[in-house]
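Worksheet: one structure, shown below.
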Amino acid sequence: MSELESFRKHVERLKELNCKHVIIREVGGSVHWDPTRSNNEKEVIRLTDDQWNFFAEGLHLAGEICQSYNMRLVYQHHIGTVVEKAKEIGRLMEATDPQHLHLLLDTGHAYYGGSDPLALLNHYYDRIRYIHLTDIRQSVLNHVREKSIDFVDSVKQGVFTVPGDGFIQFESIFKKLIDCKFDGRVIVGWDWDPTVVDPSADVSKSKKYVDKILSGYEGFYHRMEG
């Protein structure tokens with residue numbers, strides 16, 4: 001219960017900042033955030049059935065807190081955590097109440113995890129309230145998989161990039177969002193170390209790419225953030 005009280009204080013602070021969504025992610029058993037694990041442990045600790053039930057119950061309680069402040073709880077799937085692949089995203093969606101938990105779709109993390117981002121968007125569209133548009137450099141991902149490089153090191157090697165600079169084709173993703181009049185939040189971004197790469201050039205490149213796709217869809221474009 002102490003965690004829920006800490007979470008409530010966090011939600012209160014976000015409410016003061018006029019936020020509409022609260023993004024959450026489970027990092028217990030993670031290969032890169034769990035302080036109880038050493039840097040030599042490269043595998044995610046998977047949840048048992050009982051842990052999945054406990055996990056879902058906690059998310060429902062957190063979702064109720066968000067609702068009490070007229071905010072939405074949104075779960076972010078992420079490589080290197082207990083919810084990273086399509087089957088885990090599916091289990092999370094099946095185990096939770098749509099009224100209490102929504103989904104953040106990250107295109108790059110979905111592709112990294114072996115999923116088709118468009119397929120996930122189509123299948124879980126009614127649950128998705130937040131989208132991170134990230135891209136993947138296929139050559140780096142191939143190298144990462146071939147050498148069994150862990151997530152943290154793959155980021156350092158530049159596996160992620162901005163839309164328009166990688167492999168993912170975003171035209172069909174935007175078409176889906178536009179056709180369905182998506183009213184959630186969309187953010188363009190990528191995982192990279194800004195002390196190594198100047199983000200301004202990549203952001204400029206991505207903006208041109210997105211502008212080209214969204215030309216003629218001004219009503220949608222104003223909701224883009226990045």
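Ligands are numbered from 1 in the order shown, chains are lettered A, B, ... in the order of the structure tokens, and residues start at 1 in each chain.
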Exercise. List the neighbours of A:Gln76 out to 10 Å using only C-alpha atoms; skip same-chain residues closer than 3 positions along the sequence, and give me the result as an NGL selection string.
Key: :A and (23-26 or 73 or 83-84 or 89 or 102-106 or 109 or 130-132)
Practice problem: Enumerate as a list in words all residues of stretch 63-226 of chain A assigned to strand (DSSP E or B) by DSSP on the backbone, naming them with the chain letters and numbers the document uses. | Solution: Arg72, Leu73, Val74, Tyr75, Gln76, His102, Leu103, Leu104, Leu105, Asp106, Ile128, Arg129, Tyr130, Ile131, His132, Leu133, Asp135, Ile136, Phe160, Thr161, Arg185, Val186, Ile187, Val188, Met224 and Glu225 of chain A
Practice problem: Would you return as a VMD selection string the members of stretch 45-94 of chain A that DSSP assigns to alpha helix (DSSP H) on this structure's backbone? | Solution: chain A and resid 49 to 68 86 to 94
Quiz item: Which residues come within 10 Å of stretch 180-189 of chain A, counting only C-alpha atoms, excluding same-chain residues fewer than 5 positions away, as a PyMOL selection string?
Solution: chain A and resi 20-21+104-106+108+125-126+128-135+160-163+174-175+199+202-203+206-207+210+219-221+223-226
Atoms to include: N, CA, C and O atoms. Write the selected residues as a short mmCIF file (atom, residue, chain, number, x, y, z; two decimals), in the first residue's frame.
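Printed below is out-v1.cif as written:
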data_model
loop_
_atom_site.label_atom_id
_atom_site.label_comp_id
_atom_site.auth_asym_id
_atom_site.auth_seq_id
_atom_site.Cartn_x
_atom_site.Cartn_y
_atom_site.Cartn_z
N LYS A 20 -2.88 14.78 -18.56
CA LYS A 20 -4.09 14.00 -18.79
C LYS A 20 -3.85 12.50 -18.67
O LYS A 20 -4.79 11.72 -18.52
N HIS A 21 -2.59 12.09 -18.77
CA HIS A 21 -2.23 10.68 -18.75
C HIS A 21 -1.13 10.43 -17.72
O HIS A 21 -0.30 11.30 -17.47
N LEU A 104 0.18 2.23 -24.14
CA LEU A 104 1.08 3.09 -24.91
C LEU A 104 1.77 2.19 -25.93
O LEU A 104 2.48 1.26 -25.56
N LEU A 105 1.57 2.48 -27.22
CA LEU A 105 2.23 1.72 -28.27
C LEU A 105 3.50 2.44 -28.69
O LEU A 105 3.46 3.59 -29.10
N ASP A 106 4.63 1.75 -28.56
CA ASP A 106 5.91 2.27 -29.03
C ASP A 106 6.29 1.47 -30.27
O ASP A 106 6.55 0.27 -30.18
N GLY A 108 8.95 1.45 -32.29
CA GLY A 108 10.30 0.89 -32.33
C GLY A 108 10.47 -0.27 -31.39
O GLY A 108 11.07 -1.30 -31.74
N TYR A 125 -6.37 -1.10 -30.97
CA TYR A 125 -6.65 0.33 -31.19
C TYR A 125 -7.53 0.91 -30.09
O TYR A 125 -7.27 2.03 -29.60
N ASP A 126 -8.55 0.20 -29.68
CA ASP A 126 -9.49 0.74 -28.68
C ASP A 126 -8.85 0.91 -27.31
O ASP A 126 -9.39 1.65 -26.47
N ILE A 128 -5.49 1.83 -27.01
CA ILE A 128 -4.32 2.70 -27.16
C ILE A 128 -4.71 4.17 -26.99
O ILE A 128 -5.60 4.67 -27.68
N ARG A 129 -4.03 4.84 -26.06
CA ARG A 129 -4.28 6.27 -25.83
C ARG A 129 -3.02 7.10 -26.03
O ARG A 129 -3.07 8.33 -26.00
N TYR A 130 -1.91 6.45 -26.21
CA TYR A 130 -0.62 7.16 -26.31
C TYR A 130 0.24 6.39 -27.30
O TYR A 130 0.23 5.16 -27.32
N ILE A 131 1.00 7.11 -28.12
CA ILE A 131 1.87 6.45 -29.10
C ILE A 131 3.23 7.13 -29.10
O ILE A 131 3.32 8.36 -29.18
N HIS A 132 4.28 6.33 -29.02
CA HIS A 132 5.64 6.80 -29.24
C HIS A 132 6.08 6.33 -30.62
O HIS A 132 6.14 5.12 -30.88
N LEU A 133 6.36 7.26 -31.50
CA LEU A 133 6.83 6.93 -32.83
C LEU A 133 8.35 6.89 -32.82
O LEU A 133 9.02 7.91 -32.86
N THR A 134 8.88 5.68 -32.74
CA THR A 134 10.32 5.47 -32.80
C THR A 134 10.62 4.52 -33.96
O THR A 134 9.78 3.71 -34.33
N ASP A 135 11.80 4.65 -34.53
CA ASP A 135 12.18 3.84 -35.68
C ASP A 135 13.36 2.94 -35.31
O ASP A 135 13.98 3.11 -34.25
N PHE A 160 18.02 2.37 -32.25
CA PHE A 160 16.84 3.23 -32.40
C PHE A 160 17.19 4.51 -33.14
O PHE A 160 18.30 5.04 -33.03
N THR A 161 16.21 5.02 -33.86
CA THR A 161 16.36 6.31 -34.51
C THR A 161 14.98 6.94 -34.65
O THR A 161 13.99 6.39 -34.16
N VAL A 162 14.92 8.08 -35.29
CA VAL A 162 13.65 8.79 -35.45
C VAL A 162 12.92 8.29 -36.68
O VAL A 162 13.54 7.74 -37.60
N PRO A 163 11.60 8.46 -36.75
CA PRO A 163 10.86 8.07 -37.95
C PRO A 163 11.44 8.73 -39.20
O PRO A 163 11.77 9.91 -39.20
N PHE A 174 0.11 6.16 -39.87
CA PHE A 174 -0.56 7.45 -39.86
C PHE A 174 -1.94 7.37 -40.50
O PHE A 174 -2.89 8.01 -40.05
N LYS A 175 -2.05 6.60 -41.57
CA LYS A 175 -3.35 6.47 -42.24
C LYS A 175 -4.39 5.90 -41.29
O LYS A 175 -5.54 6.36 -41.25
N PRO A 199 20.86 15.74 -31.24
CA PRO A 199 19.51 15.35 -31.65
C PRO A 199 18.88 16.30 -32.66
O PRO A 199 17.93 15.92 -33.34
N ASP A 202 18.65 14.97 -36.30
CA ASP A 202 17.70 13.88 -36.46
C ASP A 202 16.26 14.37 -36.34
O ASP A 202 15.37 13.92 -37.07
N VAL A 203 16.03 15.29 -35.42
CA VAL A 203 14.69 15.85 -35.24
C VAL A 203 14.26 16.58 -36.51
O VAL A 203 13.12 16.46 -36.97
N SER A 206 13.41 14.05 -39.19
CA SER A 206 12.14 13.38 -38.92
C SER A 206 10.95 14.30 -39.17
O SER A 206 9.91 13.87 -39.66
N LYS A 207 11.10 15.58 -38.83
CA LYS A 207 10.01 16.52 -39.04
C LYS A 207 9.66 16.62 -40.53
O LYS A 207 8.49 16.67 -40.91
N VAL A 210 7.74 13.44 -41.44
CA VAL A 210 6.37 13.46 -40.92
C VAL A 210 5.54 14.50 -41.66
O VAL A 210 4.37 14.25 -42.00
N GLY A 219 -5.69 18.86 -39.55
CA GLY A 219 -6.51 18.65 -38.36
C GLY A 219 -5.92 17.62 -37.43
O GLY A 219 -6.14 17.65 -36.23
N PHE A 220 -5.14 16.70 -37.98
CA PHE A 220 -4.47 15.71 -37.15
C PHE A 220 -3.12 16.22 -36.68
O PHE A 220 -2.71 16.00 -35.55
N TYR A 221 -2.45 16.96 -37.54
CA TYR A 221 -1.06 17.33 -37.27
C TYR A 221 -0.91 18.17 -36.00
O TYR A 221 0.10 18.06 -35.30
N ARG A 223 -2.01 17.82 -33.22
CA ARG A 223 -1.93 17.04 -32.00
C ARG A 223 -0.59 16.32 -31.85
O ARG A 223 -0.35 15.65 -30.86
N MET A 224 0.27 16.46 -32.85
CA MET A 224 1.58 15.84 -32.76
C MET A 224 2.46 16.62 -31.80
O MET A 224 2.42 17.84 -31.75
N GLU A 225 3.23 15.89 -31.00
CA GLU A 225 4.18 16.50 -30.09
C GLU A 225 5.54 15.88 -30.32
O GLU A 225 5.65 14.70 -30.59
N GLY A 226 6.61 16.64 -30.14
CA GLY A 226 7.91 16.04 -30.32
C GLY A 226 9.00 17.08 -30.20
O GLY A 226 8.73 18.26 -30.15
#
Quiz item: Given the choices A:Asp150, A:Asp50, A:Glu3, A:Asp179, which gets closest to A:Tyr112 if the distance is worked out from only C-alpha atoms?
Solution: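 For A:Tyr112, the nearest of the given residues is A:Asp150.
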